[in-house]
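Trainee: My questions will all concern the structure given below.
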Amino acid sequence: MKILDAKFVQDFIKMANDGFLQGWHERNGGNLSYRLKPEEVELIRPRLNESGEWTEIGTEVPGLAGEFFLVTGSGKYFRNIIVDPEVCLAIIEIDYTGTKYRIRWGW
């Protein structure tokens, strides 16, 4: 399955666009994130990039170790998410120490 066809991605895009249309998310409106369920990760795993470089988070989040998140990019306008989601969104993975992340799709 293509990542953009996954229901959770389509729902995330709709939520971001709904917020923009209501004037909630623009400029300094913050970011959105969604923790993927294990079955959602498995659904799209064949489409995820395996070679992303690990980047220090700058803190320790052991409770999130090994988790995947769909996130909006810093400085990305919510109005553009529906137009070009692969540029505005990413799926990241937290490493098993909870100290690093890597981009597995997007941006």
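The way I read the labels, and the way they are meant: chains A, B, ... in the order of the structure tokens, residue 1 as the first residue of every chain, and ligand 1 as the first ligand shown, with later ones counted on from there.
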Need the shell around Gln10 of chain A: protein/DNA/RNA residues with any atom at most 12 Å away, counting only C-alpha atoms. Skip same-chain ones fewer than 5 positions apart. Format as a PyMOL selection string?

Mentor: chain A and resi 2-5+15-17+70+81-82+85+89

Trainee: Residues of the last selection are to be written out with C-alpha atoms, as a CSV table (one decimal), in the first residue's frame.

Mentor:
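Written output follows (selection_5.csv):
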```csv
chain,number,residue,atom,x,y,z
A,2,LYS,CA,1.2,3.5,-0.8
A,3,ILE,CA,1.8,5.6,2.3
A,4,LEU,CA,-0.5,8.4,1.0
A,5,ASP,CA,-3.3,5.9,0.5
A,15,MET,CA,-7.4,17.0,10.2
A,16,ALA,CA,-4.6,19.4,9.3
A,17,ASN,CA,-6.7,20.9,6.5
A,70,LEU,CA,3.5,10.9,11.5
A,81,ILE,CA,-0.2,19.8,3.5
A,82,ILE,CA,-3.2,18.8,1.4
A,85,PRO,CA,1.9,16.1,1.8
A,89,LEU,CA,4.9,15.6,6.4
```

Trainee: Hey, what's within 10 Å of segment 45-58 of chain A if we count only C-alpha atoms and toss same-chain stuff fewer than 3 positions away? As a PDB file with C-alpha atoms, in the first residue's frame, please?

Mentor:
```
ATOM      1  CA  MET A   1       0.000   0.000   0.000  1.00  0.00           C
ATOM      2  CA  LYS A   2       1.196   3.490  -0.837  1.00  0.00           C
ATOM      3  CA  ILE A   3       1.752   5.603   2.252  1.00  0.00           C
ATOM      4  CA  GLU A  39      -0.575  -2.565  12.566  1.00  0.00           C
ATOM      5  CA  GLU A  40      -0.309   0.773  10.696  1.00  0.00           C
ATOM      6  CA  VAL A  41       3.489   0.519  10.682  1.00  0.00           C
ATOM      7  CA  GLU A  42       3.269  -3.018   9.284  1.00  0.00           C
ATOM      8  CA  VAL A  61      12.306   9.658  25.765  1.00  0.00           C
ATOM      9  CA  ILE A  91       7.135   9.528   9.315  1.00  0.00           C
ATOM     10  CA  ILE A  92       9.886   9.299  11.889  1.00  0.00           C
ATOM     11  CA  GLU A  93      11.133   6.410  13.996  1.00  0.00           C
ATOM     12  CA  ILE A  94      12.525   6.770  17.504  1.00  0.00           C
ATOM     13  CA  ASP A  95      15.522   4.508  18.199  1.00  0.00           C
ATOM     14  CA  GLY A  98      14.832   6.894  23.042  1.00  0.00           C
ATOM     15  CA  THR A  99      17.609   9.388  22.241  1.00  0.00           C
ATOM     16  CA  LYS A 100      17.594   9.554  18.420  1.00  0.00           C
ATOM     17  CA  TYR A 101      15.167   9.660  15.514  1.00  0.00           C
ATOM     18  CA  ARG A 102      15.368   9.081  11.798  1.00  0.00           C
ATOM     19  CA  ILE A 103      13.122  10.040   8.929  1.00  0.00           C
ATOM     20  CA  ARG A 104      11.594   6.996   7.280  1.00  0.00           C
ATOM     21  CA  TRP A 105       9.338   8.836   4.787  1.00  0.00           C
ATOM     22  CA  GLY A 106       8.657  12.412   3.677  1.00  0.00           C
TER      23      GLY A 106
END
```

Trainee: Check the smallest atom-to-atom distance from each of A:Val87, A:Gly73, A:Asp18, A:Arg79 to Leu32 of chain A using only C-alpha atoms, then report the winner.

Mentor: A:Gly73

Trainee: Quick one, how far is atom CA of Ala65 of chain A from atom CA of Ile44 of chain A?

Mentor: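 Between atom CA of Ala65 of chain A and atom CA of Ile44 of chain A the gap is 19.2 Å.
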
Trainee: Could you give me the residues within segment 39-77 of chain A that DSSP places in alpha helix (DSSP H), as an MDAnalysis selection string?

Mentor: chainID A and resid 39:44

Trainee: Let me see the file: selected residues, N, CA and C atoms, as a PDB file, in the first residue's frame.

Mentor:
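Here's the written file result.pdb:
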```pdb
ATOM      1  N   GLU A  39      -0.006  -2.033  13.814  1.00  0.00           N
ATOM      2  CA  GLU A  39      -0.575  -2.565  12.566  1.00  0.00           C
ATOM      3  C   GLU A  39      -0.484  -1.548  11.424  1.00  0.00           C
ATOM      4  N   GLU A  40      -0.478  -0.256  11.729  1.00  0.00           N
ATOM      5  CA  GLU A  40      -0.309   0.773  10.696  1.00  0.00           C
ATOM      6  C   GLU A  40       1.127   0.776  10.186  1.00  0.00           C
ATOM      7  N   VAL A  41       2.079   0.602  11.093  1.00  0.00           N
ATOM      8  CA  VAL A  41       3.489   0.519  10.682  1.00  0.00           C
ATOM      9  C   VAL A  41       3.677  -0.671   9.752  1.00  0.00           C
ATOM     10  N   GLU A  42       3.115  -1.814  10.112  1.00  0.00           N
ATOM     11  CA  GLU A  42       3.269  -3.018   9.284  1.00  0.00           C
ATOM     12  C   GLU A  42       2.625  -2.840   7.919  1.00  0.00           C
ATOM     13  N   LEU A  43       1.535  -2.129   7.845  1.00  0.00           N
ATOM     14  CA  LEU A  43       0.834  -1.886   6.593  1.00  0.00           C
ATOM     15  C   LEU A  43       1.711  -1.131   5.590  1.00  0.00           C
ATOM     16  N   ILE A  44       2.508  -0.199   6.082  1.00  0.00           N
ATOM     17  CA  ILE A  44       3.321   0.648   5.184  1.00  0.00           C
ATOM     18  C   ILE A  44       4.807   0.315   5.223  1.00  0.00           C
TER      19      ILE A  44
END
```

Trainee: May I ask for the distance between atom CA of Phe68 of chain A and atom CA of Lys7 of chain A, given in Å to one decimal place?

Mentor: 15.9 Å

Trainee: Could you jot down the atom CA of Cys88 of chain A to atom CA of Lys76 of chain A separation for me, Å, one decimal place?

Mentor: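 According to the coordinates, atom CA of Cys88 of chain A and atom CA of Lys76 of chain A are separated by 5.7 Å.
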
Trainee: Which of these residues is nearest to Ser74 of chain A, using only C-alpha atoms: A:Gln22, A:Lys14, A:Ala90, A:Thr97?

Mentor: A:Ala90

Trainee: Set the distance at 7 Å and use only C-alpha atoms: which residues neighbour Ser33 of chain A once local chain neighbours fewer than 2 positions away are removed? I'd like the list as JSON, numbers by chain.

Mentor: {"A": [31, 35, 69, 70, 71, 72]}

Trainee: As a PyMOL selection string, list the residues of chain A assigned to strand (DSSP E) by DSSP on the backbone atoms of this structure.

Mentor: chain A and resi 33-35+55-56+68-72+89-94+100-106

Trainee: Any chance you can output those residues with C-alpha atoms as a PDB file, in the first residue's frame?

Mentor:
```pdb
ATOM      1  CA  SER A  33       1.956  14.494  15.467  1.00  0.00           C
ATOM      2  CA  TYR A  34       0.329  11.077  15.496  1.00  0.00           C
ATOM      3  CA  ARG A  35       1.793   7.917  17.034  1.00  0.00           C
ATOM      4  CA  THR A  55      19.738  12.339  14.615  1.00  0.00           C
ATOM      5  CA  GLU A  56      20.022  13.198  18.305  1.00  0.00           C
ATOM      6  CA  PHE A  68       6.838   5.649  14.771  1.00  0.00           C
ATOM      7  CA  PHE A  69       5.172   9.057  14.355  1.00  0.00           C
ATOM      8  CA  LEU A  70       3.534  10.929  11.503  1.00  0.00           C
ATOM      9  CA  VAL A  71       4.499  14.573  11.994  1.00  0.00           C
ATOM     10  CA  THR A  72       4.219  17.965  10.349  1.00  0.00           C
ATOM     11  CA  LEU A  89       4.858  15.564   6.443  1.00  0.00           C
ATOM     12  CA  ALA A  90       7.241  12.874   7.595  1.00  0.00           C
ATOM     13  CA  ILE A  91       7.135   9.528   9.315  1.00  0.00           C
ATOM     14  CA  ILE A  92       9.886   9.299  11.889  1.00  0.00           C
ATOM     15  CA  GLU A  93      11.133   6.410  13.996  1.00  0.00           C
ATOM     16  CA  ILE A  94      12.525   6.770  17.504  1.00  0.00           C
ATOM     17  CA  LYS A 100      17.594   9.554  18.420  1.00  0.00           C
ATOM     18  CA  TYR A 101      15.167   9.660  15.514  1.00  0.00           C
ATOM     19  CA  ARG A 102      15.368   9.081  11.798  1.00  0.00           C
ATOM     20  CA  ILE A 103      13.122  10.040   8.929  1.00  0.00           C
ATOM     21  CA  ARG A 104      11.594   6.996   7.280  1.00  0.00           C
ATOM     22  CA  TRP A 105       9.338   8.836   4.787  1.00  0.00           C
ATOM     23  CA  GLY A 106       8.657  12.412   3.677  1.00  0.00           C
TER      24      GLY A 106
END
```

Trainee: Taking only C-alpha atoms into account, name the residue in A:Ile13, A:Pro38, A:Gly23, A:Ala6 that is nearest to Asp84 of chain A.

Mentor: A:Ile13
